[in-house]
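Structure record follows, encoded as structure tokens.
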Amino acid sequence: MNEHTTHRSPATHVPRIALVGDRSPHVKSHVRIPMLLDALAERDGLVLDAYWIRSGDAEVPGAVEGFDAVWLLPGSPYASEAGALAAIRTAREVGIPFLGTCAGFQHALLEFARNVCGLERAAHAENDPAADEADLLLAPLACSLVGHEGGVRVTPGSLAESVLGAELTTERYHCNYGPDSRHLDTLEAHGLRFTGADEDGQVRIAELPGHPFFLATLFQPELAGDGTRPHPIVRALARAAVTRANVTLAGVTRADVAPSAA
């Protein structure tokens with residue numbers, strides 16, 4: 001059974017966000033989410049109806065299609081890699097605002113590689129440790145980023161830069177895997193844009209131009225501060241969800257009042 005954290009009123013069409021991941025009290029980002037939702041509502045007036053969807057449940061066709069935003073959360077390996085990838089693909093193809101953080105970033109690249117670039121054998125070392133090295137899209141980092149905090153330089157004019165309002169930001173990590181540079185040119189050639197890198201030039205942010213909102217970060221914006229002030233990226237996702245919900249509501253309203261064909 002999926003879990004939801006707020007009640008939704010159809011009359012107001014509160015934006016619905018799918019929190020995809022295998023919820024655990026041992027994953028710090030999962031514990032932070034309810035705090036962030038409360039802070040978004042209280043500080044920013046951005047009220048979201050959040051549903052937690054297990055990765056296995058996300059395999060069901062259309063599992064996230066009716067949502068106004070999808071957030072693929074940390075906490076890998078997911079119980080279902082297929083479910084995580086299905087949620088990303090739906091958000092990408094349908095135009096649902098999407099955020100992937102940490103493992104969500106990793107799987108956003110994996111989904112794009114397989115379904116857009118045709119790299120069907122692209123693999124994640126954590127999910128498939130026996131994969132051929134040449135097929136590894138996500139490989140173990142030379143140095144673990146668990147508990148690490150570091151600077152990220154953002155590309156001017158990118159979605160990431162417009163959200164962050166700066167070209168340099170300091171972010172927190174909790175991961176052991178990152179993209180293998182051998183495949184990045186292929187992903188870029190098919191339209192994915194890498195718009196943030198650390199001090200050593202290693203990719204830390206990806207986005208998809210032309211999509212209403214598609215952003216993925218290897219760092220975890222949900223871990224910023226003490227959870228009482230949502231990170232700009234989290235606020236931007238919430239605003240994108242509100243925009244989609246309003247557009248949907250406007251479409252429904254127009255349909256309701258449109259004269260019927262005689």
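Within each chain, counting starts at residue 1; across the structure tokens, chains are named A, B, ... in the order shown, with ligands numbered 1 upward in that order.
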
A:Leu119 environment, 10 Å, only C-alpha atoms, sequence neighbours closer than 2 positions dropped, as a PyMOL selection string: chain A and resi 110-117+121-123+135+137+183+186-187

Give me the stretch 88-202 of chain A side of the contact with stretch 225-246 of chain A, cut-off 7 Å, one line per residue showing its nearest atom pair and distance in Å at one decimal, counting only C-alpha atoms, sorted by chain and residue number, as JSON lines.
{"residue": "A:Pro97", "atom": "CA", "partner": "A:Ala240", "partner_atom": "CA", "distance": 6.2}
{"residue": "A:Leu99", "atom": "CA", "partner": "A:Leu237", "partner_atom": "CA", "distance": 6.9}
{"residue": "A:Val163", "atom": "CA", "partner": "A:Ile233", "partner_atom": "CA", "distance": 6.2}
{"residue": "A:Leu164", "atom": "CA", "partner": "A:Pro232", "partner_atom": "CA", "distance": 5.9}

Rank A:Val47, A:Ala216, A:Leu145, A:Leu208 by their smallest atom-to-atom distance to A:His13, using only C-alpha atoms, and report the top residue only. A:Val47

Could you check how far atom CA of A:Thr90 sits from atom CA of A:Pro61, in Å to one decimal? 9.1 Å

For A:Gly196, find every residue with an atom within 7 Å (counting only C-alpha atoms), except residues of its own chain fewer than 4 positions away, and show them as a VMD selection string. chain A and resid 152 to 155 203 to 205

How would the residues just picked look written out with C-alpha atoms as a tab-separated table (two decimals), in the first residue's frame?
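The file below, part_36.tsv, is the result:
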chain	number	residue	atom	x	y	z
A	152	VAL	CA	29.50	22.79	-7.08
A	153	ARG	CA	30.03	25.21	-9.96
A	154	VAL	CA	26.88	25.74	-12.02
A	155	THR	CA	26.59	26.55	-15.70
A	203	VAL	CA	29.46	15.95	-13.03
A	204	ARG	CA	27.07	16.68	-10.18
A	205	ILE	CA	23.95	18.12	-11.90

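Listed by chain and then by rising number, the residues of stretch 164-245 of chain A that DSSP assigns to alpha helix (DSSP H) from the backbone are A:Leu164, A:Leu184, A:Asp185, A:Thr186, A:Leu187, A:Glu188, A:Ala189, A:Pro232, A:Ile233, A:Val234, A:Arg235, A:Ala236, A:Leu237, A:Ala238, A:Arg239, A:Ala240, A:Ala241, A:Val242, A:Thr243, A:Arg244, A:Ala245.
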
Interatomic distance between atom CA of A:Asp44 and atom CA of A:Pro156?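 The value is 25.9 Å.
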
Considering only C-alpha atoms, can you say which of A:Asp49, A:Glu42, A:Asp132, A:Glu93 comes closest to A:His211?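 Smallest separation from A:His211 among the options: A:Glu93.
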
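Rounded to one decimal, atom CA of A:Pro74 and atom CA of A:Asp38 lie 19.8 Å from each other.
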
Expected answer as a compact mmCIF listing (two decimals) with N, CA and C atoms, in the first residue's frame: strand (DSSP E or B) residues in stretch 184-227 of chain A:
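What ended up in out_38.txt:
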# COMPACT_ATOMS: atom_id res chain seq x y z
N ARG A 193 21.76 17.54 -20.52
CA ARG A 193 22.73 18.62 -20.31
C ARG A 193 23.32 18.51 -18.91
N PHE A 194 24.63 18.56 -18.81
CA PHE A 194 25.30 18.51 -17.52
C PHE A 194 25.67 19.93 -17.12
N THR A 195 25.06 20.40 -16.03
CA THR A 195 25.14 21.83 -15.71
C THR A 195 25.72 22.13 -14.33
N GLY A 196 26.36 21.15 -13.73
CA GLY A 196 27.02 21.39 -12.45
C GLY A 196 28.14 20.40 -12.26
N ALA A 197 29.28 20.88 -11.75
CA ALA A 197 30.43 20.01 -11.54
C ALA A 197 31.16 20.42 -10.26
N VAL A 203 30.87 15.57 -12.86
CA VAL A 203 29.46 15.95 -13.03
C VAL A 203 28.67 15.73 -11.75
N ARG A 204 27.88 16.75 -11.39
CA ARG A 204 27.07 16.68 -10.18
C ARG A 204 25.62 17.09 -10.42
N ILE A 205 25.31 17.71 -11.57
CA ILE A 205 23.95 18.12 -11.90
C ILE A 205 23.67 17.78 -13.35
N ALA A 206 22.46 17.29 -13.61
CA ALA A 206 22.00 17.05 -14.98
C ALA A 206 20.59 17.62 -15.13
N GLU A 207 20.26 18.08 -16.33
CA GLU A 207 18.92 18.59 -16.60
C GLU A 207 18.56 18.30 -18.04
N PHE A 214 13.05 19.25 -15.23
CA PHE A 214 13.71 17.95 -15.10
C PHE A 214 15.12 18.21 -14.61
N LEU A 215 15.34 17.91 -13.33
CA LEU A 215 16.62 18.22 -12.69
C LEU A 215 17.06 17.03 -11.84
N ALA A 216 18.33 16.71 -11.91
CA ALA A 216 18.87 15.61 -11.11
C ALA A 216 20.21 16.04 -10.52
N THR A 217 20.42 15.74 -9.25
CA THR A 217 21.65 16.13 -8.55
C THR A 217 22.23 14.95 -7.81

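Restricting the calculation to only C-alpha atoms, the smallest distance between A:Pro77 and any of A:His190, A:Ser55, A:Asn127, A:Leu37 is found for A:Asn127.
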
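Using only C-alpha atoms, the nearest neighbour of A:Cys102 within the list A:Ala63, A:Leu48, A:Leu72, A:Val14 is A:Leu72.
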